[in-house]
Structures are given as C-alpha cells and as structure tokens.
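Shown below: entry.pdb, with PDB, C-alpha atoms.
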```pdb
ATOM      1  CA  MET A  42      -9.997  -4.870 -20.258
ATOM      2  CA  ALA A  43      -6.295  -5.196 -19.539
ATOM      3  CA  MET A  44      -5.079  -3.988 -16.153
ATOM      4  CA  ASP A  45      -1.915  -1.964 -15.783
ATOM      5  CA  ALA A  46       0.927  -2.992 -13.476
ATOM      6  CA  LEU A  47      -0.129  -1.056 -10.389
ATOM      7  CA  ALA A  48      -3.793  -1.988 -10.636
ATOM      8  CA  THR A  49      -2.840  -5.641 -11.002
ATOM      9  CA  LEU A  50      -0.414  -5.601  -8.089
ATOM     10  CA  LEU A  51      -3.004  -3.968  -5.855
ATOM     11  CA  ASP A  52      -5.862  -6.240  -6.895
ATOM     12  CA  GLY A  53      -5.074  -8.916  -4.326
ATOM     13  CA  PRO A  54      -3.851  -6.989  -1.284
ATOM     14  CA  ARG A  55      -6.031  -3.946  -1.905
ATOM     15  CA  ALA A  56      -7.635  -2.243   1.049
ATOM     16  CA  ARG A  57     -10.257  -4.440   2.669
ATOM     17  CA  GLY A  58     -11.405  -2.887   5.917
ATOM     18  CA  ALA A  59      -8.400  -0.559   5.854
ATOM     19  CA  PHE A  60      -7.783   1.587   8.916
ATOM     20  CA  LEU A  61      -8.537   5.202   8.016
ATOM     21  CA  LEU A  62      -8.233   7.981  10.561
ATOM     22  CA  ARG A  63      -8.282  11.769  10.717
ATOM     23  CA  SER A  64      -5.893  12.950  13.438
ATOM     24  CA  VAL A  65      -6.068  16.379  15.126
ATOM     25  CA  LEU A  66      -2.978  17.081  17.249
ATOM     26  CA  THR A  67      -1.845  20.217  19.084
ATOM     27  CA  PRO A  68       1.850  21.219  18.957
ATOM     28  CA  PRO A  69       4.172  20.003  20.274
ATOM     29  CA  TRP A  70       3.031  16.551  19.199
ATOM     30  CA  SER A  71       4.815  13.323  18.315
ATOM     31  CA  VAL A  72       3.508   9.836  17.545
ATOM     32  CA  GLN A  73       5.499   6.626  17.205
ATOM     33  CA  ILE A  74       3.970   4.226  14.670
ATOM     34  CA  ALA A  75       4.760   0.630  15.625
ATOM     35  CA  ASP A  76       1.713  -1.106  14.142
ATOM     36  CA  LEU A  77       3.714  -3.460  11.846
ATOM     37  CA  ALA A  78       1.490  -2.472   8.895
ATOM     38  CA  PRO A  79       3.017  -3.097   5.450
ATOM     39  CA  LEU A  80       1.959   0.218   3.912
ATOM     40  CA  THR A  81       0.517   3.516   5.141
ATOM     41  CA  LEU A  82      -0.483   6.632   3.233
ATOM     42  CA  VAL A  83      -0.503   9.985   5.058
ATOM     43  CA  HIS A  84      -2.093  13.178   3.709
ATOM     44  CA  MET A  85      -1.062  16.292   5.637
ATOM     45  CA  VAL A  86      -4.176  18.458   5.599
ATOM     46  CA  ARG A  87      -2.964  21.272   7.880
ATOM     47  CA  GLY A  88       0.365  22.036   9.459
ATOM     48  CA  ASP A  89       3.779  20.477   8.899
ATOM     49  CA  ALA A  90       5.188  17.184  10.115
ATOM     50  CA  TRP A  91       8.480  15.330  10.168
ATOM     51  CA  ILE A  92       8.677  11.601   9.482
ATOM     52  CA  ARG A  93      11.661  10.119  11.310
ATOM     53  CA  THR A  94      12.866   6.582  10.671
ATOM     54  CA  ASP A  95      15.096   4.388  12.830
ATOM     55  CA  ASP A  96      18.083   4.988  10.565
ATOM     56  CA  GLY A  97      18.101   8.660  11.552
ATOM     57  CA  GLN A  98      16.588   9.972   8.326
ATOM     58  CA  ALA A  99      13.885  12.670   8.520
ATOM     59  CA  ARG A 100      11.513  13.828   5.793
ATOM     60  CA  LEU A 101       9.449  17.017   5.956
ATOM     61  CA  LEU A 102       5.759  16.776   5.122
ATOM     62  CA  ARG A 103       4.100  20.138   4.469
ATOM     63  CA  ALA A 104       0.392  20.916   4.287
ATOM     64  CA  GLY A 105      -1.022  19.327   1.131
ATOM     65  CA  ASP A 106       1.826  16.819   0.765
ATOM     66  CA  ILE A 107       1.316  13.055   0.749
ATOM     67  CA  ALA A 108       3.679  10.418   2.113
ATOM     68  CA  VAL A 109       3.707   6.677   1.445
ATOM     69  CA  ILE A 110       5.475   4.756   4.213
ATOM     70  CA  ARG A 111       6.561   1.141   3.820
ATOM     71  CA  GLY A 112       6.491  -1.073   6.913
ATOM     72  CA  PRO A 113       6.800  -2.989   9.033
ATOM     73  CA  GLU A 114       9.678  -0.998  10.555
ATOM     74  CA  PRO A 115       8.553   1.615  13.124
ATOM     75  CA  TYR A 116       8.796   5.346  12.530
ATOM     76  CA  VAL A 117       7.866   8.609  14.236
ATOM     77  CA  ILE A 118       5.701  11.358  12.795
ATOM     78  CA  ALA A 119       5.919  14.619  14.728
ATOM     79  CA  GLY A 120       5.350  18.347  14.489
ATOM     80  CA  ASP A 121       9.094  18.964  14.747
ATOM     81  CA  ARG A 122      12.303  16.975  14.538
ATOM     82  CA  GLU A 123      13.058  16.868  18.260
ATOM     83  CA  THR A 124       9.862  16.099  20.201
ATOM     84  CA  GLU A 125       9.925  12.654  21.773
ATOM     85  CA  PRO A 126       6.871  10.447  21.126
ATOM     86  CA  GLN A 127       4.000  11.011  23.530
ATOM     87  CA  ILE A 128       1.720   8.497  21.793
ATOM     88  CA  VAL A 129       2.451   5.014  20.436
ATOM     89  CA  ILE A 130       0.317   3.255  17.810
ATOM     90  CA  ARG A 131       0.668  -0.481  18.357
ATOM     91  CA  PRO A 132      -0.481  -3.540  16.337
ATOM     92  CA  GLY A 133      -4.238  -3.614  15.937
ATOM     93  CA  GLN A 134      -4.205   0.209  15.844
ATOM     94  CA  VAL A 135      -4.229   0.399  19.651
ATOM     95  CA  SER A 136      -3.053   3.815  20.848
ATOM     96  CA  THR A 137      -1.248   4.216  24.163
ATOM     97  CA  ASP A 138       0.898   6.751  25.937
ATOM     98  CA  ALA A 139       4.636   6.124  26.262
ATOM     99  CA  ASP A 140       3.982   4.032  29.385
ATOM    100  CA  GLY A 141       1.508   1.728  27.649
ATOM    101  CA  ASN A 142      -1.740   3.204  29.017
ATOM    102  CA  GLU A 143      -4.530   3.051  26.419
ATOM    103  CA  LEU A 144      -5.716   6.356  24.943
ATOM    104  CA  CYS A 145      -8.268   5.224  22.364
ATOM    105  CA  GLU A 146     -11.403   6.261  24.254
ATOM    106  CA  GLN A 147     -10.219   9.562  25.677
ATOM    107  CA  MET A 148      -8.854  10.757  22.322
ATOM    108  CA  ASN A 149     -11.947   9.853  20.297
ATOM    109  CA  LEU A 150     -13.264  13.006  18.594
ATOM    110  CA  GLY A 151     -16.065  11.561  16.485
ATOM    111  CA  VAL A 152     -16.438   9.670  13.216
ATOM    112  CA  ARG A 153     -12.953   8.358  12.274
ATOM    113  CA  THR A 154     -11.457  11.371  14.052
ATOM    114  CA  TRP A 155      -8.974  11.184  16.888
ATOM    115  CA  GLY A 156      -6.669  13.538  18.730
ATOM    116  CA  ASP A 157      -6.173  15.935  21.606
ATOM    117  CA  ASN A 158      -8.057  18.996  20.359
ATOM    118  CA  PRO A 159     -11.874  18.813  20.163
ATOM    119  CA  ASP A 160     -12.045  22.357  18.742
ATOM    120  CA  GLY A 161      -9.857  21.342  15.831
ATOM    121  CA  ALA A 162     -12.127  18.441  14.974
ATOM    122  CA  HIS A 163     -14.759  20.717  13.471
ATOM    123  CA  GLY A 164     -14.918  23.251  10.716
ATOM    124  CA  ALA A 165     -12.881  23.602   7.552
ATOM    125  CA  ASP A 166      -9.486  21.980   7.846
ATOM    126  CA  GLY A 167      -7.772  24.737   5.967
ATOM    127  CA  ALA A 168      -9.343  27.582   7.930
ATOM    128  CA  GLY A 169      -7.627  29.329  10.817
ATOM    129  CA  ASN A 170      -9.085  30.428  14.117
ATOM    130  CA  SER A 171      -9.488  34.054  15.122
ATOM    131  CA  ALA A 172      -6.380  36.177  15.218
ATOM    132  CA  ALA A 173      -6.924  36.768  18.926
ATOM    133  CA  GLU A 174      -6.540  33.108  19.696
ATOM    134  CA  GLN A 175      -3.151  32.477  21.268
ATOM    135  CA  THR A 176      -2.922  28.689  21.041
ATOM    136  CA  PRO A 177      -1.370  27.257  17.880
ATOM    137  CA  LEU A 178      -3.665  25.617  15.372
ATOM    138  CA  PRO A 179      -3.703  21.832  15.663
ATOM    139  CA  ALA A 180      -2.146  19.808  12.899
ATOM    140  CA  VAL A 181      -4.603  17.740  10.872
ATOM    141  CA  MET A 182      -3.610  14.631   8.940
ATOM    142  CA  ILE A 183      -5.415  11.725   7.328
ATOM    143  CA  SER A 184      -3.830   8.296   7.385
ATOM    144  CA  GLY A 185      -4.878   5.173   5.536
ATOM    145  CA  THR A 186      -3.264   1.915   6.602
ATOM    146  CA  TYR A 187      -3.152  -1.338   4.653
ATOM    147  CA  GLN A 188      -3.236  -3.863   7.469
ATOM    148  CA  MET A 189      -2.504  -7.081   5.520
ATOM    149  CA  ARG A 190       0.700  -7.929   3.702
ATOM    150  CA  GLY A 191      -0.317  -9.480   0.397
ATOM    151  CA  GLU A 192       2.304 -11.505  -1.389
ATOM    152  CA  ILE A 193       1.342  -9.953  -4.705
ATOM    153  CA  SER A 194       2.443  -6.587  -3.438
ATOM    154  CA  SER A 195       5.936  -7.767  -2.535
ATOM    155  CA  ARG A 196       7.089  -6.712  -6.011
ATOM    156  CA  LEU A 197       5.578  -3.306  -5.381
ATOM    157  CA  LEU A 198       6.772  -2.873  -1.802
ATOM    158  CA  SER A 199      10.328  -3.839  -2.670
ATOM    159  CA  ALA A 200      10.370  -1.084  -5.306
ATOM    160  CA  LEU A 201       9.537   1.650  -2.800
ATOM    161  CA  PRO A 202      11.781   3.535  -0.381
ATOM    162  CA  GLN A 203      10.744   3.340   3.267
ATOM    163  CA  VAL A 204       9.342   6.865   2.956
ATOM    164  CA  LEU A 205       8.407   8.700  -0.221
ATOM    165  CA  VAL A 206       6.941  12.185  -0.191
ATOM    166  CA  LEU A 207       4.906  13.633  -3.032
ATOM    167  CA  ALA A 208       4.728  17.409  -2.679
ATOM    168  CA  GLN A 209       1.402  19.131  -3.246
ATOM    169  CA  ASP A 210       2.795  21.135  -6.178
ATOM    170  CA  ALA A 211       4.177  17.993  -7.888
ATOM    171  CA  TRP A 212       0.782  16.810  -9.105
ATOM    172  CA  SER A 213      -2.893  17.656  -9.334
ATOM    173  CA  SER A 214      -5.685  15.361  -8.169
ATOM    174  CA  PRO A 215      -9.161  15.741  -6.650
ATOM    175  CA  LEU A 216      -8.669  12.568  -4.598
ATOM    176  CA  PRO A 217      -7.074  14.035  -1.422
ATOM    177  CA  ALA A 218      -9.902  16.546  -1.031
ATOM    178  CA  LEU A 219     -12.479  13.843  -1.703
ATOM    179  CA  LEU A 220     -10.932  11.568   0.926
ATOM    180  CA  SER A 221     -10.948  14.467   3.421
ATOM    181  CA  GLU A 222     -14.631  14.955   2.760
ATOM    182  CA  GLU A 223     -15.619  11.298   2.861
ATOM    183  CA  ILE A 224     -13.622  10.170   5.896
ATOM    184  CA  VAL A 225     -15.961  11.925   8.355
ATOM    185  CA  ARG A 226     -19.168  10.661   6.748
ATOM    186  CA  ASP A 227     -21.164   8.026   8.611
ATOM    187  CA  GLU A 228     -23.218   6.492   5.800
ATOM    188  CA  PRO A 229     -24.177   2.921   4.853
ATOM    189  CA  GLY A 230     -21.367   1.255   2.904
ATOM    190  CA  GLN A 231     -18.913   3.997   3.831
ATOM    191  CA  GLU A 232     -16.125   1.562   4.701
ATOM    192  CA  VAL A 233     -16.162   0.212   1.142
ATOM    193  CA  VAL A 234     -16.203   3.743  -0.286
ATOM    194  CA  LEU A 235     -13.153   4.640   1.788
ATOM    195  CA  ASP A 236     -11.299   1.435   0.879
ATOM    196  CA  ARG A 237     -11.706   2.166  -2.809
ATOM    197  CA  LEU A 238     -10.760   5.837  -2.375
ATOM    198  CA  LEU A 239      -7.600   4.777  -0.574
ATOM    199  CA  ASP A 240      -6.721   2.389  -3.415
ATOM    200  CA  LEU A 241      -7.323   5.083  -6.026
ATOM    201  CA  LEU A 242      -5.238   7.617  -4.137
ATOM    202  CA  LEU A 243      -2.363   5.173  -3.644
ATOM    203  CA  ILE A 244      -2.348   4.221  -7.341
ATOM    204  CA  ALA A 245      -2.444   7.881  -8.384
ATOM    205  CA  VAL A 246       0.415   8.783  -6.038
ATOM    206  CA  LEU A 247       2.573   5.847  -7.140
ATOM    207  CA  ARG A 248       1.983   6.506 -10.837
ATOM    208  CA  THR A 249       3.156  10.068 -10.315
ATOM    209  CA  TRP A 250       6.099   8.906  -8.202
ATOM    210  CA  PHE A 251       7.317   6.260 -10.639
ATOM    211  CA  ALA A 252       7.233   8.806 -13.456
ATOM    212  CA  ARG A 253       9.827  10.905 -11.613
ATOM    213  CA  PRO A 254      13.524  10.224 -12.375
ATOM    214  CA  GLU A 255      14.517   9.903  -8.692
ATOM    215  CA  ALA A 256      12.015   7.063  -8.235
ATOM    216  CA  LYS A 257      14.170   4.609 -10.227
ATOM    217  CA  ALA A 258      11.109   2.659 -11.339
ATOM    218  CA  PRO A 259      11.635  -1.131 -11.260
ATOM    219  CA  ALA A 260      12.193  -3.004 -14.493
ATOM    220  CA  TRP A 261       8.756  -4.647 -14.515
ATOM    221  CA  TYR A 262       7.106  -1.232 -14.208
ATOM    222  CA  ALA A 263       9.208   0.524 -16.837
ATOM    223  CA  ALA A 264       8.654  -2.409 -19.223
ATOM    224  CA  GLN A 265       4.904  -1.731 -19.214
ATOM    225  CA  SER A 266       5.445   1.079 -21.715
ATOM    226  CA  ASP A 267       7.407  -1.083 -24.162
ATOM    227  CA  PRO A 268       5.333  -1.851 -27.299
ATOM    228  CA  VAL A 269       6.272  -5.551 -27.205
ATOM    229  CA  VAL A 270       6.934  -6.441 -23.566
ATOM    230  CA  GLY A 271       4.124  -4.284 -22.182
ATOM    231  CA  PRO A 272       1.356  -6.234 -23.945
ATOM    232  CA  ALA A 273       3.033  -9.524 -23.011
ATOM    233  CA  LEU A 274       3.086  -8.558 -19.340
ATOM    234  CA  ARG A 275      -0.556  -7.530 -19.442
ATOM    235  CA  LEU A 276      -1.514 -10.864 -21.008
ATOM    236  CA  LEU A 277       0.257 -12.759 -18.229
ATOM    237  CA  HIS A 278      -1.265 -10.564 -15.532
ATOM    238  CA  ASP A 279      -4.791 -10.710 -16.912
ATOM    239  CA  ASP A 280      -4.929 -14.501 -17.437
ATOM    240  CA  PRO A 281      -2.271 -16.298 -15.357
ATOM    241  CA  ALA A 282      -4.224 -19.589 -15.433
ATOM    242  CA  ARG A 283      -3.885 -19.924 -19.200
ATOM    243  CA  PRO A 284      -1.272 -22.521 -20.245
ATOM    244  CA  TRP A 285       1.014 -19.908 -21.765
ATOM    245  CA  THR A 286       4.067 -20.666 -23.859
ATOM    246  CA  VAL A 287       6.574 -18.230 -25.295
ATOM    247  CA  ALA A 288       5.172 -19.100 -28.718
ATOM    248  CA  ASP A 289       1.651 -18.094 -27.599
ATOM    249  CA  LEU A 290       2.883 -14.802 -26.196
ATOM    250  CA  ALA A 291       4.927 -14.089 -29.312
ATOM    251  CA  ALA A 292       1.921 -14.749 -31.560
ATOM    252  CA  GLN A 293      -0.242 -12.420 -29.450
ATOM    253  CA  THR A 294       2.342  -9.634 -29.521
ATOM    254  CA  GLY A 295       3.270  -9.991 -33.193
ATOM    255  CA  VAL A 296       6.965 -10.859 -32.872
ATOM    256  CA  SER A 297       9.069 -14.003 -33.077
ATOM    257  CA  ARG A 298       9.698 -16.223 -30.067
ATOM    258  CA  ALA A 299      13.377 -15.330 -30.062
ATOM    259  CA  ALA A 300      12.688 -11.596 -30.295
ATOM    260  CA  LEU A 301      10.170 -11.697 -27.474
ATOM    261  CA  GLY A 302      12.418 -13.808 -25.263
ATOM    262  CA  ARG A 303      15.414 -11.506 -25.735
ATOM    263  CA  ARG A 304      13.480  -8.275 -25.286
ATOM    264  CA  PHE A 305      11.504  -9.538 -22.279
ATOM    265  CA  THR A 306      14.647 -10.772 -20.524
ATOM    266  CA  ASP A 307      16.539  -7.553 -21.272
ATOM    267  CA  LEU A 308      13.781  -5.287 -19.939
ATOM    268  CA  VAL A 309      12.277  -7.335 -17.097
ATOM    269  CA  GLY A 310      15.401  -9.151 -15.958
ATOM    270  CA  GLU A 311      14.103 -12.713 -16.392
ATOM    271  CA  PRO A 312      12.580 -14.805 -19.202
ATOM    272  CA  PRO A 313       8.794 -14.746 -19.747
ATOM    273  CA  MET A 314       8.104 -18.195 -18.292
ATOM    274  CA  ALA A 315      10.223 -17.509 -15.198
ATOM    275  CA  TYR A 316       8.287 -14.289 -14.675
ATOM    276  CA  LEU A 317       5.006 -16.169 -15.102
ATOM    277  CA  THR A 318       6.021 -18.757 -12.493
ATOM    278  CA  GLY A 319       6.860 -16.042  -9.983
ATOM    279  CA  TRP A 320       3.602 -14.240 -10.720
ATOM    280  CA  ARG A 321       1.517 -17.409 -10.344
ATOM    281  CA  LEU A 322       3.140 -18.306  -7.039
ATOM    282  CA  ALA A 323       2.708 -14.763  -5.725
ATOM    283  CA  LEU A 324      -0.965 -14.982  -6.616
ATOM    284  CA  ALA A 325      -1.206 -18.381  -4.968
ATOM    285  CA  ALA A 326       0.442 -17.120  -1.789
ATOM    286  CA  ASP A 327      -2.114 -14.339  -1.542
ATOM    287  CA  LEU A 328      -5.098 -16.564  -2.363
ATOM    288  CA  LEU A 329      -4.038 -19.080   0.274
ATOM    289  CA  ARG A 330      -4.748 -16.411   2.891
ATOM    290  CA  GLU A 331      -8.437 -16.588   2.118
ATOM    291  CA  PRO A 332     -10.180 -18.733   4.745
ATOM    292  CA  ASP A 333     -12.384 -20.631   2.259
ATOM    293  CA  ALA A 334      -9.688 -21.359  -0.311
ATOM    294  CA  THR A 335      -8.368 -24.872  -0.824
ATOM    295  CA  ILE A 336      -5.028 -25.750  -2.376
ATOM    296  CA  ALA A 337      -6.935 -27.378  -5.252
ATOM    297  CA  SER A 338      -9.030 -24.279  -5.948
ATOM    298  CA  VAL A 339      -5.978 -22.029  -5.756
ATOM    299  CA  ALA A 340      -4.069 -24.326  -8.130
ATOM    300  CA  ARG A 341      -6.847 -24.034 -10.723
ATOM    301  CA  ARG A 342      -6.998 -20.244 -10.433
ATOM    302  CA  VAL A 343      -3.273 -19.743 -11.002
ATOM    303  CA  GLY A 344      -2.709 -22.265 -13.766
ATOM    304  CA  TYR A 345      -1.518 -25.473 -12.099
ATOM    305  CA  SER A 346      -3.096 -28.771 -13.145
ATOM    306  CA  SER A 347      -3.323 -30.220  -9.641
ATOM    307  CA  PRO A 348      -2.688 -29.414  -5.971
ATOM    308  CA  PHE A 349       0.435 -31.571  -6.205
ATOM    309  CA  ALA A 350       1.828 -29.516  -9.103
ATOM    310  CA  LEU A 351       1.232 -26.256  -7.207
ATOM    311  CA  SER A 352       2.729 -27.680  -4.004
ATOM    312  CA  ALA A 353       5.845 -28.873  -5.807
ATOM    313  CA  ALA A 354       6.423 -25.505  -7.509
ATOM    314  CA  PHE A 355       5.633 -23.558  -4.344
ATOM    315  CA  LYS A 356       8.079 -25.570  -2.258
ATOM    316  CA  ARG A 357      10.799 -25.463  -4.928
ATOM    317  CA  VAL A 358      10.669 -21.667  -5.211
ATOM    318  CA  ARG A 359       9.671 -20.626  -1.680
ATOM    319  CA  GLY A 360      11.150 -23.416   0.387
ATOM    320  CA  ILE A 361       7.907 -24.266   2.183
ATOM    321  CA  SER A 362       4.681 -25.981   1.198
ATOM    322  CA  PRO A 363       1.441 -24.083   0.581
ATOM    323  CA  GLN A 364       0.048 -25.551   3.804
ATOM    324  CA  GLN A 365       3.061 -24.338   5.802
ATOM    325  CA  HIS A 366       2.689 -20.901   4.218
ATOM    326  CA  ARG A 367      -0.981 -20.803   5.209
ATOM    327  CA  GLU A 368      -0.201 -21.845   8.795
ATOM    328  CA  ARG A 369       2.437 -19.124   9.134
ATOM    329  CA  THR A 370       0.194 -16.415   7.725
ATOM    330  CA  PRO A 371      -3.034 -15.369   9.429
ATOM    331  CA  ALA A 372      -6.008 -15.211   7.094
ATOM    332  CA  ALA A 373      -7.159 -11.798   6.050
ATOM    333  CA  ALA A 374      -9.815 -10.324   8.260
ATOM    334  CA  SER A 375     -13.177 -10.156   6.598
ATOM    335  CA  SER A 376     -14.205  -6.701   5.570
TER     336      SER A 376
END
```
Here is a file; write its structure as structure tokens.
Amino acid sequence: MAMDALATLLDGPRARGAFLLRSVLTPPWSVQIADLAPLTLVHMVRGDAWIRTDDGQARLLRAGDIAVIRGPEPYVIAGDRETEPQIVIRPGQVSTDADGNELCEQMNLGVRTWGDNPDGAHGADGAGNSAAEQTPLPAVMISGTYQMRGEISSRLLSALPQVLVLAQDAWSSPLPALLSEEIVRDEPGQEVVLDRLLDLLLIAVLRTWFARPEAKAPAWYAAQSDPVVGPALRLLHDDPARPWTVADLAAQTGVSRAALGRRFTDLVGEPPMAYLTGWRLALAADLLREPDATIASVARRVGYSSPFALSAAFKRVRGISPQQHRERTPAAASS
C-alpha cells in the first residue's frame, strides 16, 4: 500500500519513547521550554495559554486548540503574555525553577501528570469546581515531544512555521480526546500506544494545516495531489532501493519521459532523479542513527550498490562522510 507524504516523512523519525505529559498549572503560571526538542505538540485541554517566541511573537492557545512548535529554539508557554517563567524545562525533560533547582519530584502528580495543583489532577478536565471556590481553575495541557531529530523530517520541519495553531473549531477529530484519556492510563504497552497516538494526531493536524491557504504547503506536498507527479513520488518513497530511472517512472505513471521530467521539475522544484538522491540520503542519514546499522546495510536499504557508493554520494551532497555524520549524531534511544 502506498504511503502518503506525511506518513512517509514520519516513518523514520516517528515517536519512539516520546515524552508525553499532562500538566496542571495554577494561574499565574509560565514555563520556559529549552529542551532542544525538534518538534512538540501541545493540546490545551482547559484554560488559555500564550506561546511566546524569542522574536517577540505571541500566539494565543484557547481551550481545545492544538499547537505544533518547531525546535530547537526556546519558547515560553504561559497563562498570560506578561508572566515571567517560573519553571524551565531543560534537555532530557528536566524541570527546574528559574535558579536551576530541580522540581521533578515535588511536582509529580501521578501517571504522566505534573504540576502545582494536586486537586486539578483528578476529575474531568473540562469540569469546573464549585462556584464557592475562590481560587482560579488550573490550566490543563497535554504535550507530546519528539525527542530525536530525524533527517527524514527535515523536509517536513523546514515547511513549518516555528509555531502553528489549529483552532478547535477548524477541524473535527476524536484523537485529542482519546489522547487525554490514554495519557493517564498505566497499562502494559502503554508507551507504544501513546507513541502511535501522538503520530496519528500530528499527521491529522498537519494534514488539516497544509490544506489551509495560509499554510503555503511546500511543493513536494502539493505535488502529491497531481495525477502524474503524485504517483511518481509515492513510487520513489515506497521503494527507494529500486534502481529507478526516469523511463521506469514514466512507464509506471503512463506518460513520456519528457512529460514526466518537465511536470515533476515544475511542481517539485527539481528533477526526479535529483529528488530521489536527496530522499535516499535523507533516509540513509536517519538509518545511520540506529546503533546496529552498518554503512553496508544502510547502502543496500537505500539503493546504493556498495558502502563506497553511498559514502561518495553522502560526502558530495552533505560535505561529510556517513561515519562523520554518525559520530556527530547520538544514536536514537531505544524505546
């Protein structure tokens, strides 16, 4: 079965042991995120929040909205625009106060739940407390963090703004409610369940986002819907190790070589074989992160006849050898 563009781009760097957390925070609250993560998804379950970036921009996130935030640049998420950060999330998802004192243990509220309000950690997230209660309701948000930068996703990440917000009324999906329900479960295999839910939610959000005119979807994404170039892209994505030629692709898509070459270049921005080279090397860069992978095994999987051929192409395009790339990039943590 052919995979679409988003599913293919997420297949390598998809969530594996992603960091998922339900946060319960009493106003006024403010958290600086400096974890260097490449991508984070935030679902605002209750209350409002502002996402402030270093360039001075601020985006409002209302209850029910979802934000996708591209790293590794730091940002602040807070109950209002002015509150200074009281909590800092550092690499490794270590939480501290502004002075660097660790807060992880004292703010633990149970299964994947964290914050400063034990009362807000229980009960229905959407329900209020009694009218007599004077303290404001705590904000509740769910965050899912992709902790590894996969080279495959560089095409995807570069197509996203630093912060995109999908309003609750802009789409309809059961996935946010399902994630809210599953995140507090403590069952066997729950980490895998949550990883896959996070992937599904991210794909659903990005599909909706890219369909909107303000998203300015990248050429490779828009070309997926073309009756000629779309099938050609899916063939390259599904079987990159095949010794493709433009003639093979043209035969599979039912057009001439010249017609395919022109249309592909016009819509994607580069010829088919140049796109295939970039795709193969992106795959190789991601596979090289795996601790058991060898350059020879990676070469076979992405369509190069030998480790030497892969190394030569990798160095020509990326400026470093596969071995240098591996040494600069920590292997993915096992899930």
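Distance check against Arg131 in chain A using only C-alpha atoms: of A:Pro79, A:Ile183, A:Gln73, A:Arg303, the minimum falls on A:Gln73.
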Polymer residues at most 10 Å from (5.4, -6.3, -25.5) by all atoms listed in the file, as number ranges by chain: A: 264-276, 290-291, 293-296, 301, 304-305
Point (-0.5, -29.7, -6.2), cut-off 10 Å, counting only C-alpha atoms, residues as an MDAnalysis selection string: chainID A and resid 336:337 339:341 345:355 362:363
For CA of Ser221 in chain A and CA of Ala90 in chain A, the interatomic separation in Å (one decimal):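 One can read the CA of Ser221 in chain A to CA of Ala90 in chain A distance as 17.7 Å.
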Selected residue of minimal separation from Gly88 in chain A among A:Ala104, A:Ala260, A:Ala282, A:Val343, counting only C-alpha atoms: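 Smallest distance to Gly88 in chain A is found for A:Ala104.
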Point-to-point distance in Å for CA of Gln98 in chain A and CA of Glu125 in chain A: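 Distance reported for this atom pair: 15.2 Å.
Nearest residue to Leu322 in chain A among A:Gly302, A:Gly344, A:Gly141, A:Gly310 is A:Gly344, counting all atoms listed in the file.
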Top pick for closest residue to Leu308 in chain A, considering A:Ala326, A:Leu220, A:Ala263, A:Leu247 and counting only C-alpha atoms: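 Of the candidates, the smallest distance to Leu308 in chain A is held by A:Ala263.
If you measure from each of A:Ala252, A:Val181, A:Met148, A:Leu205 to Ile110 in chain A using only C-alpha atoms, the closest one turns out to be A:Leu205.
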